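Trainee: This is the content of work-v5.cif (mmCIF, C-alpha atoms):
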```
data_upload
loop_
_atom_site.label_atom_id
_atom_site.label_comp_id
_atom_site.auth_asym_id
_atom_site.auth_seq_id
_atom_site.Cartn_x
_atom_site.Cartn_y
_atom_site.Cartn_z
CA MET A 1 -22.85 -8.33 -9.18
CA GLY A 2 -22.78 -11.87 -7.95
CA PRO A 3 -22.29 -13.03 -4.39
CA SER A 4 -18.62 -13.85 -4.98
CA VAL A 5 -17.88 -10.29 -6.10
CA ASN A 6 -19.66 -8.87 -3.06
CA ALA A 7 -17.78 -11.23 -0.76
CA SER A 8 -14.49 -10.26 -2.40
CA LEU A 9 -15.24 -6.56 -1.95
CA LEU A 10 -16.13 -7.14 1.69
CA VAL A 11 -12.92 -9.08 2.36
CA MET A 12 -10.82 -6.39 0.67
CA ALA A 13 -12.55 -3.60 2.60
CA VAL A 14 -12.04 -5.35 5.95
CA THR A 15 -8.40 -6.09 5.12
CA ILE A 16 -7.63 -2.51 4.15
CA TYR A 17 -9.47 -1.19 7.20
CA LEU A 18 -7.57 -3.51 9.55
CA VAL A 19 -4.20 -2.59 8.06
CA ARG A 20 -4.92 1.09 8.61
CA ALA A 21 -6.83 0.91 11.90
CA LEU A 22 -4.76 -1.59 13.89
CA PRO A 23 -1.61 0.57 14.14
CA LEU A 24 -3.73 3.50 15.33
CA THR A 25 -5.38 1.46 18.05
CA LEU A 26 -2.43 -0.68 19.16
CA LEU A 27 0.41 1.85 19.09
CA ARG A 28 -0.39 4.75 21.39
CA LYS A 29 3.16 5.85 22.22
CA GLU A 30 5.90 7.11 19.97
CA ILE A 31 8.14 4.39 18.51
CA ARG A 32 11.62 4.88 19.95
CA ASN A 33 13.41 1.78 18.74
CA PRO A 34 15.89 2.97 16.07
CA PHE A 35 15.67 -0.30 14.10
CA ILE A 36 11.88 -0.18 13.81
CA ARG A 37 11.94 3.54 12.99
CA SER A 38 14.46 3.03 10.19
CA PHE A 39 12.49 0.02 8.92
CA LEU A 40 9.28 2.06 8.77
CA PHE A 41 11.14 4.95 7.14
CA TYR A 42 12.27 2.82 4.18
CA VAL A 43 9.00 0.89 3.60
CA PRO A 44 7.57 3.38 1.05
CA TYR A 45 10.79 3.43 -0.99
CA VAL A 46 11.07 -0.35 -1.05
CA SER A 47 7.44 -0.89 -2.02
CA LEU A 48 7.73 1.68 -4.83
CA SER A 49 10.89 0.00 -6.09
CA VAL A 50 9.31 -3.45 -6.00
CA MET A 51 6.37 -2.20 -8.06
CA THR A 52 8.46 -0.18 -10.52
CA PHE A 53 11.33 -2.52 -11.40
CA PRO A 54 9.27 -5.23 -13.18
CA ALA A 55 7.48 -2.51 -15.14
CA ILE A 56 10.82 -1.13 -16.30
CA LEU A 57 11.86 -4.50 -17.72
CA SER A 58 8.54 -5.20 -19.42
CA ALA A 59 7.85 -1.71 -20.85
CA THR A 60 10.04 -2.21 -23.90
CA ALA A 61 10.08 -4.75 -26.71
CA SER A 62 12.93 -6.66 -25.09
CA TRP A 63 13.90 -7.07 -21.45
CA ARG A 64 17.49 -6.36 -22.49
CA SER A 65 16.66 -2.84 -23.61
CA GLY A 66 14.72 -2.25 -20.40
CA LEU A 67 17.71 -3.44 -18.40
CA ALA A 68 20.01 -1.18 -20.43
CA GLY A 69 17.76 1.80 -19.68
CA PHE A 70 17.69 0.89 -16.01
CA VAL A 71 21.47 0.57 -15.79
CA ALA A 72 21.93 3.84 -17.66
CA ALA A 73 19.48 5.58 -15.33
CA VAL A 74 21.23 4.26 -12.22
CA VAL A 75 24.68 5.30 -13.49
CA ILE A 76 23.55 8.77 -14.55
CA ALA A 77 21.67 9.28 -11.29
CA TRP A 78 24.73 8.21 -9.31
CA VAL A 79 27.01 10.59 -11.20
CA ASP A 80 24.72 13.57 -11.77
CA GLY A 81 21.43 13.26 -9.90
CA ASN A 82 19.45 15.52 -12.24
CA LEU A 83 16.10 13.84 -12.92
CA PHE A 84 15.75 15.30 -16.41
CA ARG A 85 19.18 14.04 -17.46
CA VAL A 86 18.49 10.64 -15.93
CA SER A 87 15.25 10.21 -17.87
CA ILE A 88 16.73 11.45 -21.15
CA GLY A 89 19.78 9.20 -20.72
CA ALA A 90 17.61 6.17 -20.00
CA CYS A 91 15.45 6.89 -23.05
CA ILE A 92 18.53 7.23 -25.26
CA ALA A 93 19.97 3.98 -23.91
CA VAL A 94 16.71 2.15 -24.62
CA PHE A 95 16.49 3.68 -28.10
CA PHE A 96 19.99 2.60 -29.10
CA MET A 97 19.58 -0.84 -27.53
CA GLU A 98 16.35 -1.35 -29.49
CA LEU A 99 18.18 -0.37 -32.68
CA TRP A 100 21.04 -2.74 -31.88
CA ILE A 101 18.93 -5.78 -30.95
#
```
Turn this file's structure into structure tokens for me.
Mentor:
Amino acid sequence: MGPSVNASLLVMAVTIYLVRALPLTLLRKEIRNPFIRSFLFYVPYVSLSVMTFPAILSATASWRSGLAGFVAAVVIAWVDGNLFRVSIGACIAVFFMELWI
């Protein structure tokens, strides 16, 4: 490994350590502000959505079929909420959209 790789690994390690260690050292008391608590509650969901949505659109041959599967999944989840039905419905929507395009 060259010096640039070692420097990159060191920078990444320090960054990850600081992100995890600073809240433990700076915040000693419980957070009571309702806005901050709700913000911290939704951070995992938002970060998962931000990582997943582009993958949904690029996982198929066309972004249109990925969008059709996404819309079908959202509608079925809103109406029914069963994860198995949502995934099957999204797969069927993508399949028929790929046949149609």
Trainee: Taking the file as shown, find all residues satisfying the PyMOL selection byres ((chain A and resi 50-56) around 12) and write them as a list of chain:residue names.
Mentor: A:Val43, A:Pro44, A:Tyr45, A:Val46, A:Ser47, A:Leu48, A:Ser49, A:Leu57, A:Ser58, A:Ala59, A:Thr60, A:Ala61, A:Ser62, A:Trp63, A:Arg64, A:Ser65, A:Gly66, A:Leu67, A:Ala68, A:Gly69, A:Phe70, A:Val71, A:Ala73, A:Ala90, A:Cys91, A:Val94
Trainee: Quick one, how far is CA of Leu9 in chain A from CA of Pro23 in chain A?
Mentor: 22.3 Å
Trainee: Give me, as a tab-separated table, each residue of range 7-77 of chain A that comes within 9 Å of range 83-86 of chain A, together with its shortest interatomic pair and the distance in Å at one decimal, counting all atoms listed in the file, with rows ordered by chain and rising residue number.
Mentor:
```
residue	atom	partner	partner_atom	distance
A:Ala72	CA	A:Val86	CA	7.8
A:Ala73	CA	A:Val86	CA	5.2
A:Val74	CA	A:Val86	CA	7.9
A:Val75	CA	A:Val86	CA	8.5
A:Ile76	CA	A:Val86	CA	5.6
A:Ala77	CA	A:Val86	CA	5.8
```
Trainee: To test the calculation: enclose all listed atoms of range 26-43 of chain A in a box whose edges run along x, y and z, add 8 Å on each side, then state centre and edge lengths in Å to one decimal, as JSON.
Mentor:
```
{"center_x": 6.7, "center_y": 3.2, "center_z": 12.9, "size_x": 34.3, "size_y": 23.8, "size_z": 34.6}
```
Trainee: So how many Å separate CA of Phe95 in chain A and CA of Val79 in chain A, to one decimal?
Mentor: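 Separating CA of Phe95 in chain A from CA of Val79 in chain A is a distance of 21.1 Å.
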